[in-house]
file upload_5.cif (mmCIF, C-alpha atoms)
data_query
loop_
_atom_site.label_atom_id
_atom_site.label_comp_id
_atom_site.auth_asym_id
_atom_site.auth_seq_id
_atom_site.Cartn_x
_atom_site.Cartn_y
_atom_site.Cartn_z
CA MET A 1 -21.38 -15.78 7.28
CA SER A 2 -17.87 -16.88 8.14
CA THR A 3 -16.65 -16.80 11.71
CA THR A 4 -13.25 -16.22 13.25
CA LEU A 5 -11.70 -19.24 14.92
CA THR A 6 -10.85 -18.79 18.58
CA SER A 7 -8.45 -21.67 18.98
CA SER A 8 -5.94 -23.63 16.97
CA ARG A 9 -7.99 -26.84 17.39
CA ALA A 10 -9.95 -26.14 14.18
CA VAL A 11 -6.78 -25.60 12.14
CA GLY A 12 -5.81 -28.40 9.77
CA SER A 13 -3.18 -30.83 10.93
CA ARG A 14 -0.89 -29.98 8.01
CA VAL A 15 -0.18 -26.51 9.44
CA ARG A 16 3.24 -26.45 11.11
CA PHE A 17 3.36 -22.91 12.52
CA ALA A 18 1.64 -21.80 15.68
CA HIS A 19 -0.37 -18.59 15.54
CA GLN A 20 2.39 -16.36 16.88
CA PRO A 21 5.09 -17.46 14.37
CA GLY A 22 2.37 -17.48 11.72
CA PHE A 23 1.69 -13.83 12.49
CA TRP A 24 5.29 -12.94 11.66
CA VAL A 25 5.32 -15.10 8.52
CA ILE A 26 2.30 -13.19 7.18
CA ALA A 27 3.90 -9.90 8.22
CA ALA A 28 7.11 -10.79 6.34
CA ALA A 29 5.18 -11.85 3.23
CA PHE A 30 3.16 -8.64 3.38
CA LEU A 31 6.33 -6.54 3.68
CA ILE A 32 8.05 -8.33 0.76
CA THR A 33 4.98 -7.93 -1.44
CA MET A 34 4.62 -4.23 -0.71
CA ALA A 35 8.36 -3.71 -1.30
CA PHE A 36 8.11 -5.47 -4.66
CA SER A 37 5.25 -3.16 -5.64
CA THR A 38 7.50 -0.09 -5.36
CA VAL A 39 10.80 -1.54 -6.63
CA PRO A 40 10.19 -0.10 -10.16
CA THR A 41 10.00 3.51 -8.88
CA PRO A 42 13.67 4.45 -9.56
CA LEU A 43 13.74 2.20 -12.64
CA TYR A 44 11.13 4.07 -14.67
CA ALA A 45 13.72 6.61 -15.81
CA LEU A 46 15.89 3.76 -17.13
CA TYR A 47 13.00 2.32 -19.11
CA GLN A 48 12.19 5.82 -20.40
CA ARG A 49 15.78 6.45 -21.47
CA ARG A 50 16.03 3.05 -23.15
CA ASP A 51 12.73 3.28 -25.06
CA GLY A 52 12.35 7.06 -25.41
CA PHE A 53 8.70 7.25 -24.32
CA PRO A 54 7.20 10.50 -22.91
CA THR A 55 6.79 11.21 -19.20
CA TYR A 56 3.02 10.80 -19.19
CA LEU A 57 3.52 7.13 -20.13
CA ILE A 58 5.19 6.62 -16.75
CA THR A 59 1.95 7.69 -15.08
CA ILE A 60 0.01 5.27 -17.29
CA ILE A 61 2.33 2.39 -16.36
CA PHE A 62 1.97 3.35 -12.71
CA ALA A 63 -1.81 3.69 -13.10
CA ALA A 64 -1.97 0.14 -14.48
CA TYR A 65 -0.79 -0.99 -11.05
CA ALA A 66 -3.34 1.15 -9.21
CA VAL A 67 -6.14 0.00 -11.51
CA GLY A 68 -5.15 -3.60 -10.80
CA VAL A 69 -5.36 -2.88 -7.07
CA MET A 70 -8.78 -1.29 -7.36
CA VAL A 71 -10.19 -4.01 -9.61
CA SER A 72 -9.04 -6.76 -7.26
CA LEU A 73 -10.28 -4.94 -4.17
CA TYR A 74 -13.69 -4.46 -5.78
CA LEU A 75 -13.99 -7.99 -7.12
CA ALA A 76 -11.99 -10.08 -4.66
CA GLY A 77 -10.69 -8.03 -1.73
CA HIS A 78 -13.44 -9.39 0.51
CA VAL A 79 -13.50 -13.06 -0.53
CA SER A 80 -11.09 -14.12 2.21
CA ASP A 81 -14.07 -13.68 4.56
CA TRP A 82 -15.57 -16.69 2.73
CA LEU A 83 -12.65 -18.68 1.32
CA GLY A 84 -10.19 -18.27 4.17
CA ARG A 85 -7.26 -15.91 4.75
CA ARG A 86 -4.44 -18.35 4.02
CA ARG A 87 -5.69 -19.53 0.62
CA VAL A 88 -6.37 -16.01 -0.65
CA ALA A 89 -3.04 -14.67 0.67
CA LEU A 90 -1.19 -17.51 -1.05
CA LEU A 91 -2.85 -16.77 -4.40
CA ALA A 92 -2.04 -13.07 -4.03
CA VAL A 93 1.67 -13.68 -3.41
CA LEU A 94 1.84 -16.11 -6.34
CA ALA A 95 0.33 -13.39 -8.54
CA GLU A 96 3.23 -11.14 -7.49
CA ALA A 97 5.67 -13.88 -8.51
CA VAL A 98 4.01 -14.02 -11.94
CA SER A 99 4.41 -10.26 -12.20
CA ALA A 100 8.13 -10.51 -11.41
CA ALA A 101 8.53 -13.18 -14.10
CA ILE A 102 6.81 -10.95 -16.68
CA PHE A 103 9.15 -8.07 -15.83
CA LEU A 104 12.04 -10.41 -16.63
CA ILE A 105 10.79 -12.01 -19.85
CA TRP A 106 8.85 -9.08 -21.39
CA PRO A 107 10.56 -5.78 -20.41
CA GLU A 108 8.93 -3.67 -23.17
CA VAL A 109 6.08 -1.21 -22.47
CA PRO A 110 3.21 -3.72 -23.04
CA GLY A 111 4.93 -6.14 -20.70
CA LEU A 112 5.46 -3.42 -18.11
CA LEU A 113 1.77 -2.54 -18.25
CA LEU A 114 0.75 -6.19 -17.82
CA ALA A 115 3.27 -6.84 -15.04
CA ARG A 116 2.20 -3.76 -13.11
CA PHE A 117 -1.49 -4.61 -13.51
CA ILE A 118 -0.95 -8.16 -12.20
CA SER A 119 1.15 -6.78 -9.34
CA GLY A 120 -1.72 -4.46 -8.48
CA VAL A 121 -4.18 -7.34 -8.51
CA GLY A 122 -2.03 -9.27 -6.05
CA VAL A 123 -1.48 -6.28 -3.78
CA GLY A 124 -5.19 -5.43 -3.73
CA VAL A 125 -6.13 -8.93 -2.63
CA LEU A 126 -3.31 -9.22 -0.10
CA THR A 127 -3.71 -5.81 1.52
CA ALA A 128 -7.17 -6.42 2.98
CA THR A 129 -6.55 -10.15 3.52
CA ALA A 130 -3.23 -9.77 5.33
CA THR A 131 -4.50 -6.90 7.48
CA ALA A 132 -7.44 -9.02 8.68
CA HIS A 133 -5.29 -12.17 8.99
CA LEU A 134 -2.70 -10.41 11.13
CA SER A 135 -5.41 -9.06 13.42
CA GLU A 136 -6.95 -12.51 13.90
CA LEU A 137 -3.65 -14.38 14.34
CA ARG A 138 -2.57 -11.88 16.98
CA LYS A 139 -5.90 -12.09 18.77
CA ILE A 140 -5.58 -15.88 19.05
CA ALA A 141 -1.91 -15.80 20.03
CA ARG A 142 -2.29 -12.94 22.52
CA PRO A 143 -5.96 -12.61 23.48
CA ASP A 144 -5.29 -10.09 26.25
CA GLU A 145 -3.27 -7.68 24.10
CA ASP A 146 -4.66 -4.36 22.92
CA PRO A 147 -5.96 -4.94 19.35
CA SER A 148 -4.51 -1.58 18.28
CA ARG A 149 -1.02 -3.13 18.47
CA SER A 150 -1.83 -5.50 15.64
CA ALA A 151 -3.21 -2.59 13.60
CA LEU A 152 0.03 -0.68 14.25
CA ILE A 153 2.23 -3.58 13.12
CA SER A 154 0.11 -4.15 10.03
CA SER A 155 0.28 -0.49 9.03
CA MET A 156 4.03 -0.34 9.70
CA VAL A 157 4.61 -3.43 7.57
CA ASN A 158 2.52 -1.93 4.78
CA LEU A 159 4.36 1.41 4.79
CA GLY A 160 7.74 -0.13 5.58
CA GLY A 161 7.49 -2.41 2.57
CA LEU A 162 6.53 0.50 0.35
CA ALA A 163 9.57 2.36 1.72
CA PHE A 164 12.19 -0.34 1.17
CA GLY A 165 11.15 -1.15 -2.39
CA PRO A 166 12.44 2.10 -3.97
CA LEU A 167 15.58 2.00 -1.83
CA VAL A 168 16.44 -1.51 -2.99
CA GLY A 169 15.60 -0.61 -6.59
CA GLY A 170 17.68 2.56 -6.45
CA VAL A 171 20.74 0.89 -4.94
CA LEU A 172 20.64 -1.96 -7.45
CA ALA A 173 20.08 0.46 -10.35
CA GLN A 174 23.11 2.47 -9.28
CA TYR A 175 25.60 -0.25 -8.42
CA VAL A 176 24.84 -3.59 -10.11
CA ALA A 177 24.94 -4.82 -13.66
CA SER A 178 21.58 -5.50 -15.36
CA PRO A 179 19.61 -3.05 -13.16
CA LEU A 180 16.37 -3.86 -15.03
CA GLU A 181 16.71 -7.56 -14.25
CA ARG A 182 18.43 -8.06 -10.89
CA PRO A 183 15.71 -6.50 -8.67
CA TYR A 184 13.03 -8.77 -10.15
CA GLU A 185 15.22 -11.86 -9.86
CA ILE A 186 15.79 -11.17 -6.16
CA PHE A 187 12.12 -10.53 -5.44
CA LEU A 188 10.97 -13.54 -7.45
CA VAL A 189 12.95 -15.75 -5.05
CA LEU A 190 11.66 -13.88 -1.98
CA LEU A 191 8.05 -14.09 -3.17
CA LEU A 192 8.27 -17.82 -3.80
CA LEU A 193 9.75 -18.33 -0.32
CA SER A 194 6.91 -16.21 1.08
CA ALA A 195 4.38 -18.45 -0.67
CA VAL A 196 5.89 -21.51 1.01
CA GLY A 197 5.67 -19.79 4.39
CA ILE A 198 2.04 -18.76 3.90
CA ALA A 199 1.09 -22.34 3.06
CA LEU A 200 2.20 -23.31 6.58
CA VAL A 201 0.37 -20.55 8.47
CA PRO A 202 -2.79 -21.27 10.52
CA GLU A 203 -6.18 -20.42 9.04
CA THR A 204 -8.34 -18.04 11.09
CA VAL A 205 -11.60 -18.16 9.15
CA GLU A 206 -13.84 -21.20 9.08
CA ARG A 207 -14.97 -22.01 5.55
CA LEU A 208 -18.67 -22.83 5.42
CA GLU A 209 -19.92 -25.84 3.49
CA GLU A 210 -22.46 -23.63 1.72
CA ARG A 211 -20.61 -20.60 0.39
CA PRO A 212 -22.55 -17.32 0.05
CA ALA A 213 -23.46 -16.25 -3.47
CA TYR A 214 -20.65 -14.17 -4.97
CA ARG A 215 -21.10 -10.43 -5.18
CA PRO A 216 -18.64 -7.59 -5.75
CA GLN A 217 -17.35 -5.35 -2.97
CA ARG A 218 -19.75 -3.30 -0.90
CA VAL A 219 -19.54 -1.54 2.46
CA ALA A 220 -21.24 -3.86 4.94
CA LEU A 221 -21.88 -1.34 7.69
CA PRO A 222 -24.90 0.04 9.52
CA SER A 223 -26.11 3.30 8.00
CA ALA A 224 -25.12 5.23 11.12
CA ALA A 225 -21.48 4.11 10.74
CA LYS A 226 -21.11 4.97 7.06
CA PRO A 227 -20.38 8.72 7.48
CA LEU A 228 -17.41 7.91 9.72
CA PHE A 229 -16.24 5.20 7.31
CA PHE A 230 -16.33 7.53 4.31
CA ALA A 231 -14.57 10.29 6.23
CA SER A 232 -11.82 7.78 7.02
CA ALA A 233 -11.74 6.68 3.38
CA ILE A 234 -11.33 10.25 2.11
CA GLY A 235 -8.46 10.73 4.56
CA ALA A 236 -6.84 7.55 3.22
CA PHE A 237 -7.44 8.79 -0.36
CA ALA A 238 -5.60 12.04 0.37
CA ALA A 239 -2.78 10.21 2.17
CA PHE A 240 -2.21 7.74 -0.66
CA SER A 241 -2.19 10.59 -3.19
CA ILE A 242 1.06 11.79 -1.62
CA PHE A 243 2.46 8.27 -1.78
CA GLY A 244 1.39 8.03 -5.41
CA LEU A 245 3.35 11.15 -6.24
CA PHE A 246 6.55 9.79 -4.69
CA THR A 247 6.23 6.29 -6.19
CA SER A 248 5.60 7.48 -9.73
CA LEU A 249 6.72 11.00 -10.60
CA ALA A 250 9.19 11.98 -7.88
CA PRO A 251 12.18 10.75 -9.92
CA THR A 252 10.89 12.82 -12.86
CA PHE A 253 10.64 15.95 -10.72
CA LEU A 254 14.06 15.31 -9.24
CA ALA A 255 15.69 14.92 -12.66
CA GLY A 256 13.73 17.65 -14.45
CA VAL A 257 12.66 20.44 -12.10
CA LEU A 258 15.39 19.94 -9.50
CA HIS A 259 18.16 18.77 -11.88
CA GLN A 260 19.05 15.71 -9.77
CA PRO A 261 19.13 12.63 -12.06
CA SER A 262 20.78 10.23 -9.57
CA ARG A 263 18.99 6.87 -9.49
CA ILE A 264 19.92 6.17 -5.90
CA LEU A 265 18.71 9.64 -4.87
CA ALA A 266 15.33 8.86 -6.41
CA GLY A 267 15.14 5.69 -4.35
CA VAL A 268 16.37 7.36 -1.16
CA VAL A 269 13.86 10.23 -1.39
CA THR A 270 10.92 7.85 -1.83
CA PHE A 271 12.27 5.64 0.95
CA ALA A 272 12.54 8.65 3.27
CA VAL A 273 8.92 9.65 2.64
CA PHE A 274 7.56 6.18 3.34
CA ILE A 275 9.83 5.43 6.28
CA ALA A 276 8.70 8.71 7.84
CA GLY A 277 5.16 7.38 7.59
CA ALA A 278 6.12 4.15 9.35
CA GLY A 279 8.34 5.93 11.89
CA SER A 280 5.70 8.43 12.95
CA GLN A 281 3.44 5.55 13.96
CA ILE A 282 6.16 4.19 16.26
CA VAL A 283 7.10 7.55 17.76
CA PHE A 284 3.50 8.52 18.53
CA VAL A 285 2.14 5.04 19.28
CA ARG A 286 1.08 6.02 22.81
CA MET A 287 -0.65 9.18 21.69
CA GLU A 288 -4.44 9.05 21.79
CA ARG A 289 -5.95 8.44 18.34
CA ARG A 290 -7.67 11.80 18.08
CA ASN A 291 -4.42 13.61 18.86
CA GLN A 292 -2.64 11.46 16.29
CA LEU A 293 -5.16 12.56 13.69
CA ARG A 294 -4.73 16.22 14.64
CA LEU A 295 -0.94 15.95 14.43
CA GLY A 296 -1.20 14.04 11.15
CA LEU A 297 -3.35 16.81 9.68
CA VAL A 298 -0.82 19.46 10.67
CA LEU A 299 2.13 17.48 9.32
CA MET A 300 0.43 16.71 6.01
CA SER A 301 -0.55 20.35 5.57
CA VAL A 302 2.93 21.68 6.33
CA GLY A 303 4.56 19.00 4.20
CA LEU A 304 2.36 19.68 1.18
CA ALA A 305 3.27 23.36 1.40
CA GLY A 306 6.97 22.41 1.46
CA ILE A 307 6.58 20.12 -1.56
CA ALA A 308 4.83 22.84 -3.57
CA VAL A 309 7.26 25.62 -2.65
CA GLY A 310 10.27 23.34 -3.13
CA GLY A 311 9.10 22.65 -6.67
CA LEU A 312 8.40 26.32 -7.44
CA ILE A 313 11.67 27.85 -6.21
CA PRO A 314 13.10 25.15 -7.00
CA ASN A 315 14.90 23.81 -3.92
CA LEU A 316 15.85 20.15 -3.41
CA ALA A 317 16.14 20.34 0.38
CA LEU A 318 12.72 21.95 0.77
CA PHE A 319 11.08 19.48 -1.62
CA VAL A 320 12.55 16.50 0.24
CA LEU A 321 11.87 17.94 3.70
CA GLY A 322 8.28 18.67 2.69
CA GLY A 323 7.91 15.10 1.46
CA VAL A 324 9.28 13.64 4.70
CA ILE A 325 7.03 15.83 6.87
CA ALA A 326 4.01 14.99 4.72
CA GLY A 327 4.95 11.30 4.88
CA ALA A 328 5.00 11.42 8.68
CA GLY A 329 1.53 12.93 8.62
CA VAL A 330 0.33 10.32 6.15
CA GLY A 331 1.42 7.55 8.53
CA LEU A 332 -0.70 8.94 11.35
CA VAL A 333 -3.75 9.70 9.21
CA PHE A 334 -3.56 6.35 7.43
CA ARG A 335 -3.24 4.41 10.67
CA GLY A 336 -6.19 6.31 12.12
CA ALA A 337 -8.26 5.55 9.03
CA VAL A 338 -7.47 1.81 9.13
CA ALA A 339 -8.10 1.53 12.88
CA THR A 340 -11.37 3.45 12.58
CA ALA A 341 -12.64 1.35 9.68
CA ALA A 342 -11.66 -1.92 11.39
CA SER A 343 -13.47 -0.86 14.58
CA LEU A 344 -16.70 -0.37 12.64
CA ALA A 345 -16.84 -3.98 11.39
CA ASP A 346 -17.59 -7.32 13.05
CA ALA A 347 -15.33 -10.33 12.53
CA GLY A 348 -17.39 -11.71 9.65
CA SER A 349 -17.14 -8.53 7.55
CA ARG A 350 -13.77 -7.12 8.61
CA GLY A 351 -12.03 -8.19 5.41
CA GLU A 352 -14.77 -6.63 3.32
CA VAL A 353 -14.76 -3.31 5.17
CA LEU A 354 -10.98 -3.06 4.99
CA ALA A 355 -11.11 -3.93 1.29
CA ALA A 356 -13.55 -1.05 0.73
CA LEU A 357 -11.27 1.34 2.61
CA PHE A 358 -8.22 0.29 0.60
CA LEU A 359 -10.22 0.49 -2.63
CA ILE A 360 -10.85 4.18 -2.03
CA ALA A 361 -7.29 4.72 -0.77
CA TYR A 362 -5.79 3.21 -3.92
CA ALA A 363 -8.06 5.37 -6.04
CA GLY A 364 -6.10 8.18 -4.39
CA LEU A 365 -2.92 6.47 -5.51
CA ALA A 366 -4.04 6.45 -9.17
CA LEU A 367 -6.37 9.33 -10.01
CA PRO A 368 -4.35 12.33 -8.77
CA VAL A 369 -1.17 10.90 -10.30
CA LEU A 370 -2.88 10.50 -13.67
CA ALA A 371 -4.13 14.08 -13.38
CA ILE A 372 -0.69 15.44 -12.55
CA GLY A 373 0.79 13.40 -15.42
CA LEU A 374 -1.68 15.07 -17.76
CA GLY A 375 -0.92 18.42 -16.13
CA ILE A 376 2.79 18.03 -16.87
CA ALA A 377 1.95 17.62 -20.55
CA LEU A 378 -0.02 20.89 -20.54
CA LEU A 379 1.62 23.02 -17.84
CA PRO A 380 5.07 23.59 -16.35
CA ALA A 381 5.86 20.72 -13.98
CA ALA A 382 6.18 23.06 -10.98
CA THR A 383 2.70 24.50 -11.67
CA ALA A 384 1.17 21.04 -11.94
CA LEU A 385 2.82 20.12 -8.63
CA LEU A 386 1.39 23.24 -6.98
CA ILE A 387 -2.15 22.44 -8.16
CA PHE A 388 -1.78 18.86 -6.92
CA SER A 389 -0.60 20.04 -3.49
CA VAL A 390 -3.47 22.51 -3.09
CA LEU A 391 -6.12 19.95 -4.02
CA ILE A 392 -4.79 17.30 -1.62
CA LEU A 393 -4.47 19.95 1.09
CA ILE A 394 -8.17 20.76 0.68
CA LEU A 395 -9.15 17.09 0.80
CA VAL A 396 -7.24 16.20 3.95
CA ASN A 397 -8.49 19.31 5.74
CA ALA A 398 -12.04 18.30 4.85
CA ALA A 399 -11.69 14.64 5.89
CA VAL A 400 -9.79 14.66 9.18
CA PRO A 401 -12.04 17.17 11.01
CA ARG A 402 -15.01 14.97 10.08
CA MET A 403 -13.22 11.96 11.58
CA LEU A 404 -12.60 13.96 14.75
CA LYS A 405 -16.27 14.86 15.16
CA HIS A 406 -17.22 11.22 15.77
#

call {"tool": "encode", "arguments": {"input": "upload_5.cif", "output": "structure tokens"}}
result
Amino acid sequence: MSTTLTSSRAVGSRVRFAHQPGFWVIAAAFLITMAFSTVPTPLYALYQRRDGFPTYLITIIFAAYAVGVMVSLYLAGHVSDWLGRRRVALLAVLAEAVSAAIFLIWPEVPGLLLARFISGVGVGVLTATATAHLSELRKIARPDEDPSRSALISSMVNLGGLAFGPLVGGVLAQYVASPLERPYEIFLVLLLLSAVGIALVPETVERLEERPAYRPQRVALPSAAKPLFFASAIGAFAAFSIFGLFTSLAPTFLAGVLHQPSRILAGVVTFAVFIAGAGSQIVFVRMERRNQLRLGLVLMSVGLAGIAVGGLIPNLALFVLGGVIAGAGVGLVFRGAVATAASLADAGSRGEVLAALFLIAYAGLALPVLAIGLGIALLPAATALLIFSVLILILVNAAVPRMLKH
């Protein structure tokens, strides 16, 4: 079993960053990668208009990304516990650079599917790896600091990156020439720079001479801890379902149901939802975790009601306000889920446990969105949105009380 290093003495001499600067390099690379993963959100309508494909194909393209995330989390999300954080993070960011290149050289539907799948693979590997790496770098750099601070920064970087991606994509789509090329050119450069930075960051996991036999993802927890883990995972599933809605079909609802086709508006709405998730973690950082979960449950419930009613009336302000309120709740519930799962694992299995949590969370990103995409083909869009909201409301109200019982 791999062990976490407690000093920089075991780090190779080629590393040029200390652990504290290395922490921020990994955080920046994590943020850029997550932003790249959501850049296409306001661009889907442009692809659809150019190629004339139906709306449900947008959900399939989006699902290719989520499937890539889940496949990589299942097969490789935990291997940084064995191979080392830095090496795995570097490979993940390079996969994102390959995805950006495919967007540029093969912008037709098959290319979009492949690019999104590869992007998902990279994100799946990096999410668990970077979360564990940040925790370990911070622990070495600031051993007396509360570990929850690292979890907060990691979650904020994750959600903040997801927030800025649609905003950047929307602004570029609205104001620059070649809107289906420029975003990927910019992020290709940023991703390659991130890869250089990661190569210079300290390693925090000691690679054993005899590597354990490979196996796919599992939950390496005592039986007594598994109910709490799965309650946290269901909460993360419900939270990511809301994010999935706003990173895939929100522009479609805005243009169709709410008659707001603006590209920049599509990016701003998605940005607002995600930034609310990051902001709520900052505002309520000193609140005790159980109270954060209670508040997150209330906010998600109220927000889902606003989303559903805003789609039924229809009313743009109510739809957006509901999304922002729900996003704030998602931030608190998601942070609670990550912190809870991380607390259940020892250092040698932290990457694996976090990978399992994110695997279930990203299933929430894909499955409900695919269902709502199918629902739009069979039902009025507002009705499909209502059914989605009710189902996620039931899930989150089942999961969070179970988390609070432990």

call {"tool": "residues_around", "arguments": {"input": "upload_5.cif", "residues": "segment 401-406 of chain A", "least_positions_apart": "5", "cutoff": "7 Å", "atoms": "all atoms listed in the file", "output": "ChimeraX atom specification"}}
result
/A:228,231-232,290

call {"tool": "write_last_selection", "arguments": {"input": "upload_5.cif", "atoms": "C-alpha atoms", "output": "short mmCIF file (atom, residue, chain, number, x, y, z; two decimals), keeping the file's coordinate frame"}}
result
data_model
loop_
_atom_site.label_atom_id
_atom_site.label_comp_id
_atom_site.auth_asym_id
_atom_site.auth_seq_id
_atom_site.Cartn_x
_atom_site.Cartn_y
_atom_site.Cartn_z
CA LEU A 228 -17.41 7.91 9.72
CA ALA A 231 -14.57 10.29 6.23
CA SER A 232 -11.82 7.78 7.02
CA ARG A 290 -7.67 11.80 18.08
#

call {"tool": "closest_residue", "arguments": {"input": "upload_5.cif", "among": "A:Ile118, A:Thr252, A:Pro368, A:Ile325", "to": "Arg49 of chain A", "atoms": "all atoms listed in the file"}}
result
A:Thr252

call {"tool": "residues_around", "arguments": {"input": "upload_5.cif", "residues": "segment 143-160 of chain A", "least_positions_apart": "5", "cutoff": "10 Å", "atoms": "all atoms listed in the file", "output": "ChimeraX atom specification"}}
result
/A:6,23-24,26-35,127,130-138,165,243,271,273-282,285,327,330-332,334-336,338-339,342-343

call {"tool": "resolve_selection", "arguments": {"input": "upload_5.cif", "expression": "the PyMOL selection byres ((chain A and resi 298) around 12)", "output": "PyMOL selection string"}}
result
chain A and resi 291-297+299-305+325-330+332-333+393+396-397+400-401

call {"tool": "residues_around", "arguments": {"input": "upload_5.cif", "residues": "Val88 of chain A", "least_positions_apart": "3", "cutoff": "8 Å", "atoms": "all atoms listed in the file", "output": "list in words"}}
result
Val79, Ser80, Leu83, Gly84, Arg85, Leu91, Ala92, Val125, Leu126 and Thr129 of chain A

call {"tool": "residues_near_point", "arguments": {"input": "upload_5.cif", "point": "(5.7, -1.0, -18.2)", "cutoff": "10 Å", "atoms": "only C-alpha atoms", "output": "MDAnalysis selection string"}}
result
chainID A and resid 40 44 47:48 57:62 64:65 103 106:117

call {"tool": "atom_distance", "arguments": {"input": "upload_5.cif", "atom1": "atom CA of Ile234 of chain A", "atom2": "atom CA of Val69 of chain A"}}
result
17.1 Å

call {"tool": "resolve_selection", "arguments": {"input": "upload_5.cif", "expression": "the PyMOL selection byres ((chain A and resi 373-380) around 10)", "output": "PyMOL selection string"}}
result
chain A and resi 54-60+245+248-249+257+312+367-372+381-385+387-388

call {"tool": "closest_residue", "arguments": {"input": "upload_5.cif", "among": "A:Val269, A:Leu321, A:Leu386, A:Leu258", "to": "Ala308 of chain A", "atoms": "all atoms listed in the file"}}
result
A:Leu386

call {"tool": "closest_residue", "arguments": {"input": "upload_5.cif", "among": "A:Ala255, A:Val93, A:Ala272, A:Ala45", "to": "Gly124 of chain A", "atoms": "all atoms listed in the file"}}
result
A:Val93

call {"tool": "closest_residue", "arguments": {"input": "upload_5.cif", "among": "A:Thr270, A:Thr204, A:Ser119, A:Ser72", "to": "Gly170 of chain A", "atoms": "all atoms listed in the file"}}
result
A:Thr270
